[in-house]
Each structure stands twice: as structure tokens, then as C-alpha cells.
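Report on the structure given below.
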Number of protein chains: 2
Amino acid sequence: MKGSRLTIVDAARRHIYHNGYGSTSYADIAHETGLGKGNIQYHFKAKEDLLHAAVDQQIQDIREQLESWSLDCGTAYDCIERFIAMVEKNAKNLSLHGCPMGSLNSELGKHERRLQDHARAMFDLYLRWLEARFRSFLPRKQAQARAEQLMVMAQGASVLAHAYEESQIVRRQAKIMRQWLHDVCDQS
Amino acid sequence: MKGSRLTIVDAARRHIYHNGYGSTSYADIAHETGLGKGNIQYHFKAKEDLLHAAVDQQIQDIREQLESWSLDCGTAYDCIERFIAMVEKNAKNLSLHGCPMGSLNSELGKHERRLQDHARAMFDLYLRWLEARFRSFLPRKQAQARAEQLMVMAQGASVLAHAYEESQIVRRQAKIMRQWLHDVCDQS
DNA sequence: GATAATTTTGTACGATTGTACTATTATTTT
DNA sequence: AAAATAATAGTACAATCGTACAAAATTATC
């Protein structure tokens, strides 16, 4: 039996991803987990705590994911391609609910800047990891720029796919990202 | 003296852009316009009507903007560059509040799909206009793809710039877009 | 100028929200 | 087993929300 706290955080992550932070209430989480509302308050006194816990766990997941990629993949090129493959694999969810990082940051950036500071850390993880891979065959300044550019493409694809509820947009952009990555490597 | 209705829609547009649709209340608009709360309800019976009116006016603005660009610019290349110039010019606002189209679509896509249908029309305007320009020197299928790609870059830049509250991200990406546009033209 | 229509305002209401609090049950510690 | 701590549930409360409605003020129409 999984601990209540973890059950709550899992439900919170899913609900925040699907409905947004502002549209996630204690009642929602209580209903979704089958637990009492007071119980959830016991584990997370304020609503902000719930978000912090959800983001923390997602950060943890991202860390493990990136570590596993670093180990699995031979070349830096393969590593970066693995990132693109992840985007493509998640095309359906991205078109249905947007990017978990991007949409949360967009929402929090509007009127919860303090909370956004935490959510932004997810971007940092991917960006620094990508930059490190690009540095295998590019100088620091260029590696930084390429990492940013790749993340821009991934986020833009998510926004458009979500707006049109059309996963094909993500797949088309993934193809473009691969071609772009190939060209970037060629030039170096 | 500007009509009350227009005053309300203007305030609604600004407030929705800055705070999001979910965090925009009748009380907010009343306070911002100095009008009574009941008055706003008189002009817009339901909150959805307020959003529809705000989106309608924004669509109108976009239409006029695109028409003016079509007239001003000589070549299709110049037209597309004008689009990039607009993104760059709005870098500060994009970093502070995100893209008015993108962030609204992201929010509505989460749990107001019916309203998103309307908001998506803003994307359609830009995409179809861009596609038409690209068709000056590209076949239909490729023109469609290029328009989508450019919009992806613009939206991605907005998301990242908003997440980091860093307008330089938009400016860097605008530079990349210009280079990209140049290359696309060269290849044709 | 009287009458009708429109515009504006203020308030009231039911629903939902985050939070606080108490009581009850389960688990651990001694 | 007894005591203490942690966990769970239910309820209460003030605040805010969208909406409904009635009265007052303004403008238009004849």
C-alpha cells in the first residue's frame, strides 16, 4: 500500500497538469484520491505546499530521466535525440494538455511569480543538461544558444498542438528538430 | 467620451492578458473601469460573453494589422519579416505576460475547450496569412509547414521568455528567425 | 414636457474556495 | 496494556465568485 502522502502528490500532479493550478482545489484532490479533505490539509497545510510537493516530485522524475539518458546513450548526439524522441512520444498528451512545464510556468507567471520561481527549475534542468551535451561538440556560448533553441521548438510545438488539439503538429516539429540537430552537428 | 461597452472590453482584454481568464472577475473589471459591477453585467450577462467580446476585438486588431502589413510591404519576404519584427518589438511584454494568444489558448485548453475554439481563431489568422506569403515562393505544402514552423518558434520564445522573465530570449530567437527566413528563401 | 427605453448602480443569493478547528481512528512507543 | 503520537475525517467560517434582480438615473422618442 502506497503512503497517503504520495497518493496525494500523484493526484495533485495529474490534476494540476490536466486542469491547471488555479482550478485544482482540495475538494478535487480529496475526491480523486478517496481521502478526506481534512486529511489532505493535514499533509499539506497550504495549497502552495501541494504545488511545491508536486513540482518537487516532477523535478525528481526529470533528474532520474536525464541521468538514465546520460548512461544509456553513447554519444551526445544520441542524448539530444533522446530528448526529441521523448517530445515525440508524448505528442498525444502534449496536444491534450500542453507541456507540464510550459503550461504551469505560463499560468504561474501571470499572478503567482513566487511559485513560478520553483516551477522554472524544471526548465533549468533540461536546459543545463542539453547545454552540457551540446558542449561535446560546440563552444559554451553556442551550446547555450542551441539548447535554448531546441527548447523553444519543443515548447512552441506544445503550445500549437495544444491549441489545435492536434498531435501531428508535435510529430512534424520533431522531424524538423531531428533535421536541425543533424545540421548543427554537421556544421561543427 | 468612449462608450462604456468599449471601455469594459479594453479593460477586460488587458486584465485577461495580465492575469488570465480564470483570474479575471466582474469585480476586477468594475474596479479597473470605475463602473458599477451591475453595469458590466448589463453589457455582458455571462462571463463567457466578456471573453468572446475581448477575443473578437483582438481578432479585429489582428485583421487590421495584417492588412496594413500586406499593403505596406513590397515583397512577401518583407511581410514575413514584419511579423518577426512585431515579435521582437513586443519582447518586453512577452517576457512579462507571455503571448496574448498563446497563454490564453493554453489556459482555455485546460478546461474551457468551448471557449478555446474562439481563441484559436487568432492563431488561424496569423497562420493563414503567413502561409499565403510563403506561397509566393513555395508550393502549398511547404508554405504551410514553414508558417507553422515560424509560429512554433514565436510561441516557444514567448513561453521561455515568460518563464524566465527575460526579454533577451525573444530577441535572440528573433535573430534566429531572420536567419532561418533568409535560408528558406535561398533554398527556393 | 411626458413617456418609454436604455443605462447604471447596489445588493442579495447560492455555490465554491482555502483555511482552521475538533473529534475520531490508527499506529507507534514505552 | 497504557500512553502518546500520527493520521484521517468531518465541519465551520470568512471570503470571493458568477449571477439575478430591483431601484434609480439617464437618454431617447414622441
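Labeling convention for the C-alpha cells: chains A, B, ... as they appear, residues from 1 per chain, ligands from 1 in order of appearance.
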Env of stretch 7-20 of chain D: 10 Å cut, atoms = only C-alpha atoms (C1' of nucleotides), seq-sep filter 6 positions within chain, self excluded. Answer as a VMD selection string.
(chain A and resid 4 35 to 40 42 to 43) or (chain B and resid 25 to 27 41 45 to 47) or (chain C and resid 12 to 27)
Using C-alpha atoms (C1' of nucleotides), can you write the selected residues to a file as a CSV table (one decimal), in the first residue's frame?
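Final output, again_9.csv:
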```
chain,number,residue,atom,x,y,z
A,4,SER,CA,-1.2,8.6,1.6
A,35,LEU,CA,-9.4,10.5,1.1
A,36,GLY,CA,-11.0,13.1,3.4
A,37,LYS,CA,-10.5,16.7,2.7
A,38,GLY,CA,-9.1,17.3,6.2
A,39,ASN,CA,-6.5,14.6,5.6
A,40,ILE,CA,-5.1,16.4,2.6
A,42,TYR,CA,-3.0,17.6,7.3
A,43,HIS,CA,-0.3,16.7,4.9
B,25,SER,CA,-13.7,38.7,-12.2
B,26,TYR,CA,-16.5,41.2,-12.6
B,27,ALA,CA,-15.3,42.9,-9.5
B,41,GLN,CA,-23.3,42.6,-16.1
B,45,LYS,CA,-24.7,38.9,-19.0
B,46,ALA,CA,-22.3,36.0,-18.6
B,47,LYS,CA,-18.5,35.9,-18.0
C,12,DA,C1',-28.7,39.7,-2.4
C,13,DC,C1',-28.0,34.8,-3.1
C,14,DG,C1',-26.3,30.2,-3.6
C,15,DA,C1',-22.0,27.9,-4.7
C,16,DT,C1',-17.2,27.2,-4.1
C,17,DT,C1',-12.8,28.4,-2.3
C,18,DG,C1',-8.7,28.0,1.2
C,19,DT,C1',-8.1,27.5,5.8
C,20,DA,C1',-8.9,26.4,10.8
C,21,DC,C1',-10.6,23.5,14.1
C,22,DT,C1',-12.3,19.4,16.7
C,23,DA,C1',-13.3,14.7,17.2
C,24,DT,C1',-12.3,10.0,15.9
C,25,DT,C1',-9.4,6.3,14.5
C,26,DA,C1',-4.9,4.0,13.7
C,27,DT,C1',-0.2,3.5,14.8
```
Interface, chain B side, toward chain A (9 Å; only C-alpha atoms) as JSON, numbers by chain:
{"B": [17, 18, 19, 20, 22, 23, 96, 97, 98, 102, 103, 105, 106, 107, 108, 109, 110, 111, 116, 117, 119, 120, 123, 145, 148, 149, 151, 152, 153, 154, 155, 156, 157, 158, 159, 160, 162, 163, 164, 165, 169, 172, 173, 176]}
All residues 12 Å or closer to A:Gly3, only C-alpha atoms (C1' of nucleotides), same chain fewer than 2 positions away omitted, as an MDAnalysis selection string
(chainID A and resid 1 5:10 33 35 43) or (chainID D and resid 7)
Could you write out, as number ranges by chain, all the residues of chain A that DSSP marks as alpha helix (DSSP H)?
A: 4-19, 26-33, 37-43, 47-72, 76-89, 91-97, 100-111, 113-134, 140-164, 167-187
Using only C-alpha atoms (C1' of nucleotides) and a cut-off of 8 Å, which residues of chain C sit close to chain B? Please list them as a list in words.
DT7, DT8, DT9 and DG10 of chain C
Any chance you could export the current selection's N, CA and C atoms (P, O5', C5', C4', C3', O3' and C1' of nucleotides) as a PDB file, in the first residue's frame?
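File produced: again.pdb:
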```pdb
ATOM      1  P    DT C   7     -28.201  51.014 -24.023  1.00  0.00           P
ATOM      2  O5'  DT C   7     -27.646  51.574 -22.638  1.00  0.00           O
ATOM      3  C5'  DT C   7     -27.511  52.988 -22.469  1.00  0.00           C
ATOM      4  C4'  DT C   7     -27.311  53.322 -21.003  1.00  0.00           C
ATOM      5  C3'  DT C   7     -26.157  52.581 -20.306  1.00  0.00           C
ATOM      6  O3'  DT C   7     -25.250  53.553 -19.831  1.00  0.00           O
ATOM      7  C1'  DT C   7     -28.091  52.633 -18.942  1.00  0.00           C
ATOM      8  P    DT C   8     -23.849  53.102 -19.199  1.00  0.00           P
ATOM      9  O5'  DT C   8     -24.155  53.038 -17.640  1.00  0.00           O
ATOM     10  C5'  DT C   8     -24.519  54.225 -16.943  1.00  0.00           C
ATOM     11  C4'  DT C   8     -24.913  53.898 -15.517  1.00  0.00           C
ATOM     12  C3'  DT C   8     -23.919  53.027 -14.740  1.00  0.00           C
ATOM     13  O3'  DT C   8     -23.247  53.821 -13.777  1.00  0.00           O
ATOM     14  C1'  DT C   8     -26.195  52.448 -14.301  1.00  0.00           C
ATOM     15  P    DT C   9     -22.101  53.151 -12.887  1.00  0.00           P
ATOM     16  O5'  DT C   9     -22.934  52.733 -11.595  1.00  0.00           O
ATOM     17  C5'  DT C   9     -23.872  53.652 -11.037  1.00  0.00           C
ATOM     18  C4'  DT C   9     -24.681  52.972  -9.942  1.00  0.00           C
ATOM     19  C3'  DT C   9     -23.865  52.095  -8.994  1.00  0.00           C
ATOM     20  O3'  DT C   9     -23.792  52.713  -7.724  1.00  0.00           O
ATOM     21  C1'  DT C   9     -25.941  51.073  -9.624  1.00  0.00           C
ATOM     22  P    DG C  10     -22.775  52.127  -6.614  1.00  0.00           P
ATOM     23  O5'  DG C  10     -23.744  51.206  -5.729  1.00  0.00           O
ATOM     24  C5'  DG C  10     -25.025  51.711  -5.362  1.00  0.00           C
ATOM     25  C4'  DG C  10     -25.843  50.598  -4.723  1.00  0.00           C
ATOM     26  C3'  DG C  10     -25.041  49.699  -3.771  1.00  0.00           C
ATOM     27  O3'  DG C  10     -25.683  49.680  -2.496  1.00  0.00           O
ATOM     28  C1'  DG C  10     -26.215  48.387  -5.394  1.00  0.00           C
TER      29       DG C  10
END
```
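Picture a line from atom CA of B:Phe137 to atom CA of B:Cys185; it runs 7.6 Å.
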Neighbours of D:DA3 within 12 Å (only C-alpha atoms (C1' of nucleotides); same-chain residues fewer than 3 positions away dropped), as a ChimeraX atom specification?
/C:28-30
Can you write just those residues out, all heavy atoms, as a short mmCIF file (atom, residue, chain, number, x, y, z; two decimals), in the first residue's frame?
```
data_model
loop_
_atom_site.label_atom_id
_atom_site.label_comp_id
_atom_site.auth_asym_id
_atom_site.auth_seq_id
_atom_site.Cartn_x
_atom_site.Cartn_y
_atom_site.Cartn_z
P DT C 28 3.20 1.56 12.69
OP1 DT C 28 4.04 1.69 11.48
OP2 DT C 28 2.69 0.25 13.14
"O5'" DT C 28 3.96 2.24 13.91
"C5'" DT C 28 4.21 3.65 13.91
"C4'" DT C 28 4.51 4.14 15.32
"O4'" DT C 28 3.36 3.94 16.16
"C3'" DT C 28 5.67 3.42 16.01
"O3'" DT C 28 6.69 4.37 16.29
"C2'" DT C 28 5.06 2.82 17.28
"C1'" DT C 28 3.81 3.68 17.47
N1 DT C 28 2.70 3.04 18.21
C2 DT C 28 2.35 3.53 19.45
O2 DT C 28 2.93 4.46 19.99
N3 DT C 28 1.30 2.88 20.05
C4 DT C 28 0.57 1.81 19.54
O4 DT C 28 -0.35 1.32 20.17
C5 DT C 28 0.98 1.36 18.24
C7 DT C 28 0.27 0.21 17.59
C6 DT C 28 2.02 1.98 17.64
P DT C 29 8.13 3.80 16.84
OP1 DT C 29 9.17 4.69 16.28
OP2 DT C 29 8.21 2.35 16.67
"O5'" DT C 29 7.99 4.13 18.40
"C5'" DT C 29 7.37 5.35 18.79
"C4'" DT C 29 7.26 5.43 20.31
"O4'" DT C 29 6.03 4.79 20.76
"C3'" DT C 29 8.40 4.76 21.07
"O3'" DT C 29 8.82 5.61 22.11
"C2'" DT C 29 7.77 3.48 21.61
"C1'" DT C 29 6.31 3.90 21.81
N1 DT C 29 5.31 2.80 21.73
C2 DT C 29 4.32 2.71 22.70
O2 DT C 29 4.22 3.48 23.62
N3 DT C 29 3.44 1.66 22.50
C4 DT C 29 3.46 0.72 21.49
O4 DT C 29 2.62 -0.17 21.43
C5 DT C 29 4.52 0.87 20.53
C7 DT C 29 4.64 -0.09 19.39
C6 DT C 29 5.39 1.89 20.69
P DT C 30 10.22 5.20 22.90
OP1 DT C 30 11.00 6.46 23.04
OP2 DT C 30 10.83 4.02 22.26
"O5'" DT C 30 9.67 4.81 24.33
"C5'" DT C 30 8.72 5.67 24.99
"C4'" DT C 30 8.03 4.91 26.12
"O4'" DT C 30 7.09 3.96 25.58
"C3'" DT C 30 8.98 4.11 27.01
"O3'" DT C 30 8.90 4.60 28.34
"C2'" DT C 30 8.48 2.67 26.90
"C1'" DT C 30 7.06 2.82 26.41
N1 DT C 30 6.56 1.68 25.58
C2 DT C 30 5.37 1.07 25.93
O2 DT C 30 4.71 1.40 26.87
N3 DT C 30 5.02 0.02 25.10
C4 DT C 30 5.71 -0.45 23.98
O4 DT C 30 5.29 -1.39 23.32
C5 DT C 30 6.94 0.24 23.69
C7 DT C 30 7.78 -0.19 22.52
C6 DT C 30 7.31 1.27 24.49
#
```
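What separates atom CA of B:Phe83 from atom CA of B:Asp186 is a distance of 18.9 Å.
Pairwise distance (atom CA of B:Ser136, atom CA of B:Gln58) equals 27.2 Å.
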